[in-house]
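Colleague: Contents of final-v1.txt (compact mmCIF, N, CA, C and O atoms):
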# COMPACT_ATOMS: atom_id res chain seq x y z
N MET Z 11 34.07 82.35 70.01
CA MET Z 11 32.93 81.53 69.68
C MET Z 11 32.94 80.32 70.60
O MET Z 11 33.94 79.63 70.72
N ALA Z 12 31.85 80.03 71.22
CA ALA Z 12 31.72 78.91 72.15
C ALA Z 12 31.11 77.72 71.44
O ALA Z 12 30.24 77.87 70.58
N PHE Z 13 31.57 76.53 71.81
CA PHE Z 13 31.02 75.31 71.25
C PHE Z 13 30.25 74.58 72.33
O PHE Z 13 30.66 74.53 73.49
N ARG Z 14 29.16 74.02 71.94
CA ARG Z 14 28.32 73.29 72.89
C ARG Z 14 28.93 71.93 73.16
O ARG Z 14 29.27 71.19 72.24
N THR Z 15 29.06 71.60 74.42
CA THR Z 15 29.63 70.30 74.80
C THR Z 15 28.71 69.51 75.72
O THR Z 15 29.03 68.40 76.10
N ASP Z 16 27.57 70.06 76.07
CA ASP Z 16 26.65 69.38 76.99
C ASP Z 16 25.45 68.82 76.23
O ASP Z 16 24.41 69.44 76.16
N PHE Z 17 25.65 67.66 75.65
CA PHE Z 17 24.58 67.05 74.86
C PHE Z 17 23.67 66.24 75.76
O PHE Z 17 24.12 65.44 76.58
N SER Z 18 22.38 66.43 75.58
CA SER Z 18 21.42 65.66 76.37
C SER Z 18 21.18 64.32 75.69
O SER Z 18 21.52 64.12 74.54
N SER Z 19 20.54 63.42 76.41
CA SER Z 19 20.35 62.07 75.89
C SER Z 19 19.45 62.04 74.67
O SER Z 19 19.54 61.13 73.86
N ASP Z 20 18.57 63.04 74.50
CA ASP Z 20 17.70 63.02 73.33
C ASP Z 20 18.42 63.50 72.07
O ASP Z 20 17.89 63.44 70.98
N THR Z 21 19.65 63.93 72.18
CA THR Z 21 20.43 64.31 70.99
C THR Z 21 21.62 63.37 70.76
O THR Z 21 22.41 63.60 69.86
N ASP Z 22 21.73 62.33 71.59
CA ASP Z 22 22.83 61.38 71.41
C ASP Z 22 22.68 60.65 70.08
O ASP Z 22 21.58 60.37 69.62
N ILE Z 23 23.79 60.33 69.49
CA ILE Z 23 23.80 59.61 68.23
C ILE Z 23 23.72 58.11 68.51
O ILE Z 23 24.42 57.59 69.38
N ILE Z 24 22.89 57.44 67.78
CA ILE Z 24 22.77 55.98 67.93
C ILE Z 24 23.97 55.35 67.24
O ILE Z 24 24.25 55.61 66.06
N THR Z 25 24.69 54.51 67.96
CA THR Z 25 25.91 53.91 67.40
C THR Z 25 25.80 52.41 67.21
O THR Z 25 26.79 51.76 66.91
N ASP Z 26 24.63 51.84 67.38
CA ASP Z 26 24.46 50.41 67.17
C ASP Z 26 24.23 50.13 65.69
O ASP Z 26 23.10 50.17 65.20
N LEU Z 27 25.30 49.85 64.97
CA LEU Z 27 25.21 49.54 63.55
C LEU Z 27 25.53 48.08 63.35
O LEU Z 27 26.43 47.53 63.98
N GLU Z 28 24.80 47.45 62.45
CA GLU Z 28 25.07 46.05 62.15
C GLU Z 28 26.17 45.95 61.10
O GLU Z 28 26.19 46.72 60.15
N VAL Z 29 27.04 45.01 61.29
CA VAL Z 29 28.08 44.73 60.31
C VAL Z 29 27.41 43.97 59.16
O VAL Z 29 26.69 43.00 59.40
N PRO Z 30 27.63 44.39 57.92
CA PRO Z 30 27.00 43.67 56.81
C PRO Z 30 27.55 42.25 56.71
O PRO Z 30 28.72 42.01 57.06
N PRO Z 31 26.73 41.31 56.25
CA PRO Z 31 27.22 39.93 56.12
C PRO Z 31 28.35 39.85 55.09
O PRO Z 31 28.41 40.65 54.16
N SER Z 32 29.21 38.89 55.28
CA SER Z 32 30.34 38.67 54.37
C SER Z 32 30.05 37.48 53.47
O SER Z 32 29.31 36.56 53.83
N TYR Z 33 30.65 37.52 52.29
CA TYR Z 33 30.47 36.46 51.31
C TYR Z 33 31.82 36.01 50.78
O TYR Z 33 32.70 36.83 50.50
N LYS Z 34 31.98 34.69 50.65
CA LYS Z 34 33.19 34.12 50.06
C LYS Z 34 33.03 34.12 48.54
O LYS Z 34 31.98 33.71 48.03
N VAL Z 35 34.07 34.55 47.84
CA VAL Z 35 34.11 34.41 46.39
C VAL Z 35 34.88 33.14 46.11
O VAL Z 35 36.03 32.99 46.53
N ILE Z 36 34.23 32.20 45.43
CA ILE Z 36 34.78 30.87 45.17
C ILE Z 36 35.11 30.74 43.68
O ILE Z 36 34.24 30.94 42.83
N LEU Z 37 36.36 30.40 43.37
CA LEU Z 37 36.74 30.07 41.99
C LEU Z 37 36.57 28.57 41.80
O LEU Z 37 36.93 27.78 42.68
N LEU Z 38 36.01 28.18 40.65
CA LEU Z 38 35.73 26.77 40.37
C LEU Z 38 36.66 26.24 39.29
O LEU Z 38 36.96 26.94 38.31
N ASN Z 39 37.09 25.02 39.44
CA ASN Z 39 38.01 24.40 38.49
C ASN Z 39 37.31 24.03 37.19
O ASN Z 39 36.11 23.73 37.18
N ASP Z 40 38.05 24.09 36.11
CA ASP Z 40 37.59 23.57 34.82
C ASP Z 40 38.82 23.00 34.12
O ASP Z 40 39.94 23.11 34.61
N ASP Z 41 38.59 22.37 32.98
CA ASP Z 41 39.70 21.70 32.28
C ASP Z 41 40.41 22.59 31.26
O ASP Z 41 41.31 22.10 30.56
N PHE Z 42 40.03 23.87 31.15
CA PHE Z 42 40.55 24.70 30.07
C PHE Z 42 41.28 25.95 30.55
O PHE Z 42 42.20 26.40 29.89
N THR Z 43 40.85 26.56 31.64
CA THR Z 43 41.47 27.80 32.11
C THR Z 43 42.87 27.48 32.63
O THR Z 43 43.05 26.56 33.43
N THR Z 44 43.84 28.24 32.16
CA THR Z 44 45.23 27.96 32.55
C THR Z 44 45.50 28.40 33.99
O THR Z 44 44.86 29.32 34.51
N MET Z 45 46.46 27.74 34.58
CA MET Z 45 46.86 28.09 35.94
C MET Z 45 47.40 29.52 36.00
O MET Z 45 47.13 30.26 36.93
N ASP Z 46 48.17 29.89 34.99
CA ASP Z 46 48.73 31.25 34.93
C ASP Z 46 47.62 32.31 34.90
O ASP Z 46 47.75 33.35 35.53
N PHE Z 47 46.56 32.03 34.15
CA PHE Z 47 45.45 32.98 34.08
C PHE Z 47 44.78 33.13 35.44
O PHE Z 47 44.47 34.25 35.86
N VAL Z 48 44.58 32.03 36.14
CA VAL Z 48 43.95 32.08 37.47
C VAL Z 48 44.84 32.87 38.44
O VAL Z 48 44.35 33.71 39.20
N VAL Z 49 46.13 32.62 38.41
CA VAL Z 49 47.06 33.37 39.26
C VAL Z 49 46.98 34.86 38.94
O VAL Z 49 46.92 35.70 39.84
N ASN Z 50 46.94 35.19 37.67
CA ASN Z 50 46.84 36.59 37.26
C ASN Z 50 45.54 37.23 37.77
O ASN Z 50 45.55 38.36 38.28
N ILE Z 51 44.44 36.53 37.66
CA ILE Z 51 43.14 37.03 38.18
C ILE Z 51 43.25 37.28 39.67
O ILE Z 51 42.80 38.31 40.18
N LEU Z 52 43.82 36.33 40.39
CA LEU Z 52 43.93 36.46 41.85
C LEU Z 52 44.81 37.64 42.24
O LEU Z 52 44.54 38.31 43.24
N MET Z 53 45.84 37.90 41.46
CA MET Z 53 46.74 39.02 41.78
C MET Z 53 46.14 40.37 41.38
O MET Z 53 46.28 41.35 42.12
N THR Z 54 45.45 40.44 40.25
CA THR Z 54 44.98 41.74 39.76
C THR Z 54 43.60 42.12 40.27
O THR Z 54 43.36 43.29 40.59
N ILE Z 55 42.70 41.17 40.38
CA ILE Z 55 41.33 41.49 40.83
C ILE Z 55 41.19 41.34 42.34
O ILE Z 55 40.55 42.15 43.00
N PHE Z 56 41.85 40.31 42.89
CA PHE Z 56 41.69 40.03 44.32
C PHE Z 56 42.88 40.52 45.15
O PHE Z 56 42.91 40.33 46.37
N HIS Z 57 43.87 41.12 44.50
CA HIS Z 57 45.01 41.75 45.16
C HIS Z 57 45.78 40.81 46.08
O HIS Z 57 46.20 41.18 47.18
N LYS Z 58 45.97 39.58 45.62
CA LYS Z 58 46.78 38.60 46.34
C LYS Z 58 48.23 38.74 45.88
O LYS Z 58 48.49 39.08 44.72
N ASN Z 59 49.16 38.45 46.79
CA ASN Z 59 50.54 38.41 46.33
C ASN Z 59 50.76 37.09 45.58
O ASN Z 59 49.88 36.22 45.57
N GLU Z 60 51.91 36.94 44.96
CA GLU Z 60 52.13 35.77 44.11
C GLU Z 60 52.01 34.45 44.88
O GLU Z 60 51.40 33.50 44.38
N ASN Z 61 52.57 34.38 46.07
CA ASN Z 61 52.49 33.14 46.86
C ASN Z 61 51.06 32.79 47.23
O ASN Z 61 50.65 31.63 47.12
N GLU Z 62 50.28 33.79 47.67
CA GLU Z 62 48.87 33.55 48.01
C GLU Z 62 48.10 33.10 46.77
O GLU Z 62 47.28 32.17 46.84
N ALA Z 63 48.36 33.76 45.64
CA ALA Z 63 47.65 33.44 44.41
C ALA Z 63 47.94 32.01 43.96
O ALA Z 63 47.03 31.27 43.56
N VAL Z 64 49.19 31.61 44.05
CA VAL Z 64 49.55 30.24 43.66
C VAL Z 64 48.89 29.23 44.60
O VAL Z 64 48.36 28.21 44.15
N ASP Z 65 48.88 29.51 45.90
CA ASP Z 65 48.24 28.60 46.86
C ASP Z 65 46.75 28.44 46.57
O ASP Z 65 46.21 27.32 46.59
N ILE Z 66 46.07 29.54 46.27
CA ILE Z 66 44.64 29.47 45.97
C ILE Z 66 44.41 28.74 44.66
O ILE Z 66 43.51 27.89 44.54
N MET Z 67 45.24 29.03 43.65
CA MET Z 67 45.11 28.35 42.36
C MET Z 67 45.30 26.85 42.52
O MET Z 67 44.57 26.05 41.93
N LEU Z 68 46.26 26.44 43.34
CA LEU Z 68 46.47 25.01 43.57
C LEU Z 68 45.28 24.38 44.30
O LEU Z 68 44.92 23.24 44.02
N SER Z 69 44.65 25.12 45.18
CA SER Z 69 43.44 24.63 45.83
C SER Z 69 42.33 24.42 44.80
O SER Z 69 41.62 23.41 44.84
N VAL Z 70 42.19 25.38 43.89
CA VAL Z 70 41.19 25.25 42.82
C VAL Z 70 41.51 24.01 41.99
O VAL Z 70 40.62 23.20 41.71
N HIS Z 71 42.76 23.84 41.62
CA HIS Z 71 43.18 22.73 40.78
C HIS Z 71 42.99 21.38 41.48
O HIS Z 71 42.48 20.43 40.87
N ARG Z 72 43.39 21.29 42.72
CA ARG Z 72 43.36 20.01 43.44
C ARG Z 72 42.00 19.68 44.05
O ARG Z 72 41.61 18.51 44.11
N ASN Z 73 41.29 20.69 44.52
CA ASN Z 73 40.04 20.46 45.26
C ASN Z 73 38.79 20.84 44.47
O ASN Z 73 37.67 20.68 44.97
N GLY Z 74 38.98 21.41 43.30
CA GLY Z 74 37.84 21.80 42.48
C GLY Z 74 37.30 23.19 42.79
O GLY Z 74 36.43 23.68 42.09
N ARG Z 75 37.82 23.82 43.84
CA ARG Z 75 37.37 25.16 44.23
C ARG Z 75 38.37 25.79 45.18
O ARG Z 75 39.12 25.08 45.85
N GLY Z 76 38.37 27.09 45.21
CA GLY Z 76 39.26 27.81 46.12
C GLY Z 76 38.65 29.16 46.46
O GLY Z 76 38.00 29.78 45.62
N VAL Z 77 38.88 29.61 47.67
CA VAL Z 77 38.34 30.88 48.13
C VAL Z 77 39.29 32.00 47.71
O VAL Z 77 40.43 32.06 48.16
N ALA Z 78 38.79 32.89 46.86
CA ALA Z 78 39.59 34.01 46.39
C ALA Z 78 39.59 35.15 47.40
O ALA Z 78 40.51 35.95 47.43
N GLY Z 79 38.55 35.24 48.21
CA GLY Z 79 38.46 36.29 49.21
C GLY Z 79 37.09 36.33 49.86
O GLY Z 79 36.16 35.66 49.41
N ILE Z 80 36.99 37.13 50.90
CA ILE Z 80 35.74 37.30 51.64
C ILE Z 80 35.45 38.80 51.67
O ILE Z 80 36.29 39.59 52.11
N PHE Z 81 34.23 39.16 51.23
CA PHE Z 81 33.89 40.56 51.04
C PHE Z 81 32.42 40.81 51.38
O PHE Z 81 31.61 39.87 51.39
N PRO Z 82 32.04 42.08 51.57
CA PRO Z 82 30.62 42.42 51.61
C PRO Z 82 29.98 42.06 50.26
O PRO Z 82 30.67 41.98 49.23
N TYR Z 83 28.67 41.90 50.24
CA TYR Z 83 27.95 41.42 49.05
C TYR Z 83 28.30 42.20 47.78
O TYR Z 83 28.63 41.61 46.76
N ASP Z 84 28.19 43.52 47.82
CA ASP Z 84 28.40 44.33 46.61
C ASP Z 84 29.81 44.18 46.06
O ASP Z 84 30.00 44.10 44.83
N ILE Z 85 30.79 44.12 46.92
CA ILE Z 85 32.18 43.96 46.47
C ILE Z 85 32.38 42.56 45.90
O ILE Z 85 33.01 42.40 44.84
N ALA Z 86 31.83 41.55 46.56
CA ALA Z 86 31.95 40.18 46.05
C ALA Z 86 31.30 40.07 44.67
O ALA Z 86 31.90 39.49 43.74
N ALA Z 87 30.11 40.63 44.50
CA ALA Z 87 29.41 40.56 43.21
C ALA Z 87 30.20 41.27 42.12
O ALA Z 87 30.30 40.78 40.99
N THR Z 88 30.79 42.41 42.45
CA THR Z 88 31.59 43.15 41.47
C THR Z 88 32.82 42.37 41.07
O THR Z 88 33.17 42.28 39.88
N LYS Z 89 33.50 41.76 42.03
CA LYS Z 89 34.71 40.98 41.72
C LYS Z 89 34.36 39.76 40.86
O LYS Z 89 35.12 39.40 39.96
N ILE Z 90 33.21 39.15 41.11
CA ILE Z 90 32.76 38.03 40.28
C ILE Z 90 32.52 38.50 38.85
O ILE Z 90 32.97 37.86 37.90
N GLN Z 91 31.83 39.62 38.69
CA GLN Z 91 31.57 40.15 37.34
C GLN Z 91 32.87 40.47 36.62
O GLN Z 91 33.02 40.15 35.43
N MET Z 92 33.81 41.09 37.32
CA MET Z 92 35.10 41.42 36.71
C MET Z 92 35.84 40.16 36.28
O MET Z 92 36.42 40.10 35.18
N THR Z 93 35.83 39.14 37.14
CA THR Z 93 36.51 37.88 36.85
C THR Z 93 35.90 37.19 35.64
O THR Z 93 36.62 36.76 34.72
N MET Z 94 34.57 37.11 35.63
CA MET Z 94 33.89 36.42 34.53
C MET Z 94 34.11 37.16 33.20
O MET Z 94 34.33 36.53 32.17
N LYS Z 95 34.08 38.48 33.22
CA LYS Z 95 34.30 39.25 31.99
C LYS Z 95 35.72 39.04 31.47
O LYS Z 95 35.93 38.79 30.28
N ARG Z 96 36.69 39.13 32.37
CA ARG Z 96 38.07 38.94 31.93
C ARG Z 96 38.29 37.53 31.39
O ARG Z 96 38.98 37.34 30.39
N ALA Z 97 37.67 36.53 32.02
CA ALA Z 97 37.80 35.15 31.55
C ALA Z 97 37.17 35.00 30.17
O ALA Z 97 37.78 34.40 29.27
N ARG Z 98 35.97 35.53 29.98
CA ARG Z 98 35.31 35.42 28.67
C ARG Z 98 36.12 36.14 27.59
O ARG Z 98 36.26 35.63 26.47
N ASP Z 99 36.62 37.34 27.93
CA ASP Z 99 37.42 38.09 26.96
C ASP Z 99 38.68 37.33 26.54
O ASP Z 99 39.15 37.47 25.42
N ALA Z 100 39.21 36.51 27.46
CA ALA Z 100 40.41 35.73 27.17
C ALA Z 100 40.07 34.35 26.59
O ALA Z 100 40.97 33.58 26.27
N GLY Z 101 38.78 34.04 26.47
CA GLY Z 101 38.37 32.76 25.89
C GLY Z 101 38.38 31.60 26.87
O GLY Z 101 38.42 30.44 26.45
N PHE Z 102 38.33 31.87 28.16
CA PHE Z 102 38.33 30.82 29.17
C PHE Z 102 36.94 30.67 29.80
O PHE Z 102 36.22 31.65 29.98
N PRO Z 103 36.58 29.43 30.17
CA PRO Z 103 35.27 29.20 30.79
C PRO Z 103 35.29 29.30 32.32
O PRO Z 103 34.40 28.75 32.99
N LEU Z 104 36.26 29.99 32.89
CA LEU Z 104 36.38 30.09 34.35
C LEU Z 104 35.07 30.56 34.95
O LEU Z 104 34.45 31.50 34.46
N LYS Z 105 34.67 29.90 36.02
CA LYS Z 105 33.45 30.27 36.72
C LYS Z 105 33.77 30.55 38.17
O LYS Z 105 34.70 29.98 38.74
N CYS Z 106 32.97 31.41 38.77
CA CYS Z 106 33.07 31.65 40.19
C CYS Z 106 31.70 31.98 40.73
O CYS Z 106 30.79 32.35 39.97
N ASN Z 107 31.56 31.80 42.01
CA ASN Z 107 30.29 32.12 42.66
C ASN Z 107 30.58 32.63 44.05
O ASN Z 107 31.74 32.77 44.45
N MET Z 108 29.51 32.92 44.78
CA MET Z 108 29.71 33.38 46.17
C MET Z 108 28.78 32.60 47.07
O MET Z 108 27.74 32.11 46.67
N GLU Z 109 29.23 32.49 48.31
CA GLU Z 109 28.40 31.88 49.34
C GLU Z 109 28.61 32.66 50.63
O GLU Z 109 29.68 33.25 50.86
N LYS Z 110 27.58 32.69 51.44
CA LYS Z 110 27.66 33.43 52.70
C LYS Z 110 28.77 32.85 53.57
O LYS Z 110 28.89 31.65 53.72
N ALA Z 111 29.59 33.72 54.11
CA ALA Z 111 30.72 33.29 54.94
C ALA Z 111 30.26 32.92 56.35
O ALA Z 111 29.27 33.34 56.83
Translate the structure described by the file into C-alpha cells.
Modeller:
Amino acid sequence: MAFRTDFSSDTDIITDLEVPPSYKVILLNDDFTTMDFVVNILMTIFHKNENEAVDIMLSVHRNGRGVAGIFPYDIAATKIQMTMKRARDAGFPLKCNMEKA
C-alpha cells in the first residue's frame, strides 16, 4: 500500500493558531478565613507545593491579595468556582477573582 507524500499547497493545513488569553486567579484577604485553609486550597485546587502555598498565602495576608495561578479562561473560572464552593462549605468568606494576565 502506497502513501501519498506529495501534498499541494491547496491541501496544506493552516497552522496559525492564536494562543488563548491567560487569566490570573487572585485570592483576596479577609479577617475570617484561616491561613491553613488557604494553604490547603492552594495545594489541592491549584496544585502548589507546601512552600509555594505558604508564600502565596502570606502574600494574601500581607498584601490583601495573592496570585494563585495563571490559566486559560475556562480553567480559571472553574478553579474560582471550586475555591468558592469549598470555602462556603467550610463556613469561610474567602473570595477570589480573575484578571487578564
Colleague: Using all atoms listed in the file, which protein or nucleic acid residues come within 8 Å of Ile90 in chain Z? Drop anything in the same chain fewer than 4 positions from it, and give the result as a VMD selection string.
Modeller: chain Z and resid 35 to 36 83 to 86 94 to 97 104 to 108
Colleague: For a quick check of understanding, using all atoms listed in the file, which of Z:Val49, Z:Phe56, Z:Glu28, Z:Ile80 has the smallest distance to Leu68 in chain Z?
Modeller: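 Closest candidate: Z:Val49.
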Colleague: Could you tell me how far atom C of Gly101 in chain Z lies from CA of Asp46 in chain Z, in Å and to one decimal?
Modeller: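 Atom-to-atom, atom C of Gly101 in chain Z to CA of Asp46 in chain Z, that is 13.1 Å.
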Colleague: Would you return as a PyMOL selection string the members of chain Z that DSSP assigns to alpha helix (DSSP H) on this structure's backbone?
Modeller: chain Z and resi 45-54+60-73+83-99
Colleague: For Met53 in chain Z, list every protein, DNA or RNA residue within 12 Å, evaluated using only C-alpha atoms, and leave out those in the same chain fewer than 4 positions away; present the list as a short mmCIF file (atom, residue, chain, number, x, y, z; two decimals) with N, CA, C and O atoms, keeping the file's coordinate frame.
Modeller:
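Full text of out31.cif as output:
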data_model
loop_
_atom_site.label_atom_id
_atom_site.label_comp_id
_atom_site.auth_asym_id
_atom_site.auth_seq_id
_atom_site.Cartn_x
_atom_site.Cartn_y
_atom_site.Cartn_z
N ASP Z 46 48.17 29.89 34.99
CA ASP Z 46 48.73 31.25 34.93
C ASP Z 46 47.62 32.31 34.90
O ASP Z 46 47.75 33.35 35.53
N PHE Z 47 46.56 32.03 34.15
CA PHE Z 47 45.45 32.98 34.08
C PHE Z 47 44.78 33.13 35.44
O PHE Z 47 44.47 34.25 35.86
N VAL Z 48 44.58 32.03 36.14
CA VAL Z 48 43.95 32.08 37.47
C VAL Z 48 44.84 32.87 38.44
O VAL Z 48 44.35 33.71 39.20
N VAL Z 49 46.13 32.62 38.41
CA VAL Z 49 47.06 33.37 39.26
C VAL Z 49 46.98 34.86 38.94
O VAL Z 49 46.92 35.70 39.84
N HIS Z 57 43.87 41.12 44.50
CA HIS Z 57 45.01 41.75 45.16
C HIS Z 57 45.78 40.81 46.08
O HIS Z 57 46.20 41.18 47.18
N LYS Z 58 45.97 39.58 45.62
CA LYS Z 58 46.78 38.60 46.34
C LYS Z 58 48.23 38.74 45.88
O LYS Z 58 48.49 39.08 44.72
N ASN Z 59 49.16 38.45 46.79
CA ASN Z 59 50.54 38.41 46.33
C ASN Z 59 50.76 37.09 45.58
O ASN Z 59 49.88 36.22 45.57
N GLU Z 60 51.91 36.94 44.96
CA GLU Z 60 52.13 35.77 44.11
C GLU Z 60 52.01 34.45 44.88
O GLU Z 60 51.40 33.50 44.38
N ASN Z 61 52.57 34.38 46.07
CA ASN Z 61 52.49 33.14 46.86
C ASN Z 61 51.06 32.79 47.23
O ASN Z 61 50.65 31.63 47.12
N GLU Z 62 50.28 33.79 47.67
CA GLU Z 62 48.87 33.55 48.01
C GLU Z 62 48.10 33.10 46.77
O GLU Z 62 47.28 32.17 46.84
N ALA Z 63 48.36 33.76 45.64
CA ALA Z 63 47.65 33.44 44.41
C ALA Z 63 47.94 32.01 43.96
O ALA Z 63 47.03 31.27 43.56
N VAL Z 64 49.19 31.61 44.05
CA VAL Z 64 49.55 30.24 43.66
C VAL Z 64 48.89 29.23 44.60
O VAL Z 64 48.36 28.21 44.15
N ASP Z 65 48.88 29.51 45.90
CA ASP Z 65 48.24 28.60 46.86
C ASP Z 65 46.75 28.44 46.57
O ASP Z 65 46.21 27.32 46.59
N ILE Z 66 46.07 29.54 46.27
CA ILE Z 66 44.64 29.47 45.97
C ILE Z 66 44.41 28.74 44.66
O ILE Z 66 43.51 27.89 44.54
N MET Z 67 45.24 29.03 43.65
CA MET Z 67 45.11 28.35 42.36
C MET Z 67 45.30 26.85 42.52
O MET Z 67 44.57 26.05 41.93
N ALA Z 78 38.79 32.89 46.86
CA ALA Z 78 39.59 34.01 46.39
C ALA Z 78 39.59 35.15 47.40
O ALA Z 78 40.51 35.95 47.43
N GLY Z 79 38.55 35.24 48.21
CA GLY Z 79 38.46 36.29 49.21
C GLY Z 79 37.09 36.33 49.86
O GLY Z 79 36.16 35.66 49.41
N THR Z 93 35.83 39.14 37.14
CA THR Z 93 36.51 37.88 36.85
C THR Z 93 35.90 37.19 35.64
O THR Z 93 36.62 36.76 34.72
#
Colleague: Report, in Å with one decimal, the straight-line distance from CA of Ala87 in chain Z to atom O of Tyr33 in chain Z.
Modeller: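 Atom-to-atom, CA of Ala87 in chain Z and atom O of Tyr33 in chain Z are spaced 8.8 Å apart.
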Colleague: Using all atoms listed in the file, pick whichever of Z:Ala100, Z:Val29, Z:Ile51, Z:Leu37 has the shortest atom-to-atom distance to Gly74 in chain Z.
Modeller: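 Among the listed residues, Z:Leu37 lies closest to Gly74 in chain Z.
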Colleague: To one decimal place in Å, what is the distance between CA of Asp99 in chain Z and CA of Ala111 in chain Z?
Modeller: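 Interatomic distance here is 29.2 Å.
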Colleague: Give the answer as one residue: which of Z:His71, Z:Lys89, Z:Thr54, Z:Glu109 has the shortest atom-to-atom distance to Phe42 in chain Z, using only C-alpha atoms?
Modeller: Z:His71
Colleague: Taking all atoms listed in the file into account, name the residue in Z:Asn50, Z:Met92, Z:Thr44, Z:Leu38 that is nearest to Val77 in chain Z.
Modeller: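 Looking at the shortest contact to Val77 in chain Z, the residue is Z:Leu38.
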Colleague: When DSSP works through the backbone of this structure, what residues of range 23-97 of chain Z end up as strand (DSSP E or B), shown as a PyMOL selection string?
Modeller: chain Z and resi 32-38+75-82
Colleague: Provide range 61-67 of chain Z rebuilt to all heavy atoms, formatted as a PDB file, keeping the file's coordinate frame.
Modeller:
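The new file selection.pdb reads:
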ATOM      1  N   ASN Z  61      52.570  34.380  46.070  1.00  0.00           N
ATOM      2  CA  ASN Z  61      52.490  33.140  46.860  1.00  0.00           C
ATOM      3  C   ASN Z  61      51.060  32.790  47.230  1.00  0.00           C
ATOM      4  O   ASN Z  61      50.650  31.630  47.120  1.00  0.00           O
ATOM      5  CB  ASN Z  61      53.350  33.249  48.121  1.00  0.00           C
ATOM      6  CG  ASN Z  61      54.836  33.230  47.812  1.00  0.00           C
ATOM      7  OD1 ASN Z  61      55.257  32.698  46.790  1.00  0.00           O
ATOM      8  ND2 ASN Z  61      55.623  33.819  48.690  1.00  0.00           N
ATOM      9  N   GLU Z  62      50.280  33.790  47.670  1.00  0.00           N
ATOM     10  CA  GLU Z  62      48.870  33.550  48.010  1.00  0.00           C
ATOM     11  C   GLU Z  62      48.100  33.100  46.770  1.00  0.00           C
ATOM     12  O   GLU Z  62      47.280  32.170  46.840  1.00  0.00           O
ATOM     13  CB  GLU Z  62      48.219  34.817  48.561  1.00  0.00           C
ATOM     14  CG  GLU Z  62      48.728  35.252  49.911  1.00  0.00           C
ATOM     15  CD  GLU Z  62      48.191  36.619  50.297  1.00  0.00           C
ATOM     16  OE1 GLU Z  62      48.181  37.535  49.450  1.00  0.00           O
ATOM     17  OE2 GLU Z  62      47.774  36.761  51.456  1.00  0.00           O
ATOM     18  N   ALA Z  63      48.360  33.760  45.640  1.00  0.00           N
ATOM     19  CA  ALA Z  63      47.650  33.440  44.410  1.00  0.00           C
ATOM     20  C   ALA Z  63      47.940  32.010  43.960  1.00  0.00           C
ATOM     21  O   ALA Z  63      47.030  31.270  43.560  1.00  0.00           O
ATOM     22  CB  ALA Z  63      48.018  34.437  43.311  1.00  0.00           C
ATOM     23  N   VAL Z  64      49.190  31.610  44.050  1.00  0.00           N
ATOM     24  CA  VAL Z  64      49.550  30.240  43.660  1.00  0.00           C
ATOM     25  C   VAL Z  64      48.890  29.230  44.600  1.00  0.00           C
ATOM     26  O   VAL Z  64      48.360  28.210  44.150  1.00  0.00           O
ATOM     27  CB  VAL Z  64      51.091  30.067  43.638  1.00  0.00           C
ATOM     28  CG1 VAL Z  64      51.480  28.596  43.517  1.00  0.00           C
ATOM     29  CG2 VAL Z  64      51.694  30.870  42.494  1.00  0.00           C
ATOM     30  N   ASP Z  65      48.880  29.510  45.900  1.00  0.00           N
ATOM     31  CA  ASP Z  65      48.240  28.600  46.860  1.00  0.00           C
ATOM     32  C   ASP Z  65      46.750  28.440  46.570  1.00  0.00           C
ATOM     33  O   ASP Z  65      46.210  27.320  46.590  1.00  0.00           O
ATOM     34  CB  ASP Z  65      48.423  29.089  48.298  1.00  0.00           C
ATOM     35  CG  ASP Z  65      49.843  28.912  48.807  1.00  0.00           C
ATOM     36  OD1 ASP Z  65      50.617  28.151  48.178  1.00  0.00           O
ATOM     37  OD2 ASP Z  65      50.174  29.530  49.837  1.00  0.00           O
ATOM     38  N   ILE Z  66      46.070  29.540  46.270  1.00  0.00           N
ATOM     39  CA  ILE Z  66      44.640  29.470  45.970  1.00  0.00           C
ATOM     40  C   ILE Z  66      44.410  28.740  44.660  1.00  0.00           C
ATOM     41  O   ILE Z  66      43.510  27.890  44.540  1.00  0.00           O
ATOM     42  CB  ILE Z  66      44.016  30.882  45.934  1.00  0.00           C
ATOM     43  CG1 ILE Z  66      44.079  31.514  47.328  1.00  0.00           C
ATOM     44  CG2 ILE Z  66      42.562  30.826  45.437  1.00  0.00           C
ATOM     45  CD1 ILE Z  66      43.792  33.004  47.359  1.00  0.00           C
ATOM     46  N   MET Z  67      45.240  29.030  43.650  1.00  0.00           N
ATOM     47  CA  MET Z  67      45.110  28.350  42.360  1.00  0.00           C
ATOM     48  C   MET Z  67      45.300  26.850  42.520  1.00  0.00           C
ATOM     49  O   MET Z  67      44.570  26.050  41.930  1.00  0.00           O
ATOM     50  CB  MET Z  67      46.147  28.919  41.374  1.00  0.00           C
ATOM     51  CG  MET Z  67      46.198  28.218  40.021  1.00  0.00           C
ATOM     52  SD  MET Z  67      47.235  26.733  39.976  1.00  0.00           S
ATOM     53  CE  MET Z  67      48.833  27.386  40.344  1.00  0.00           C
TER      54      MET Z  67
END
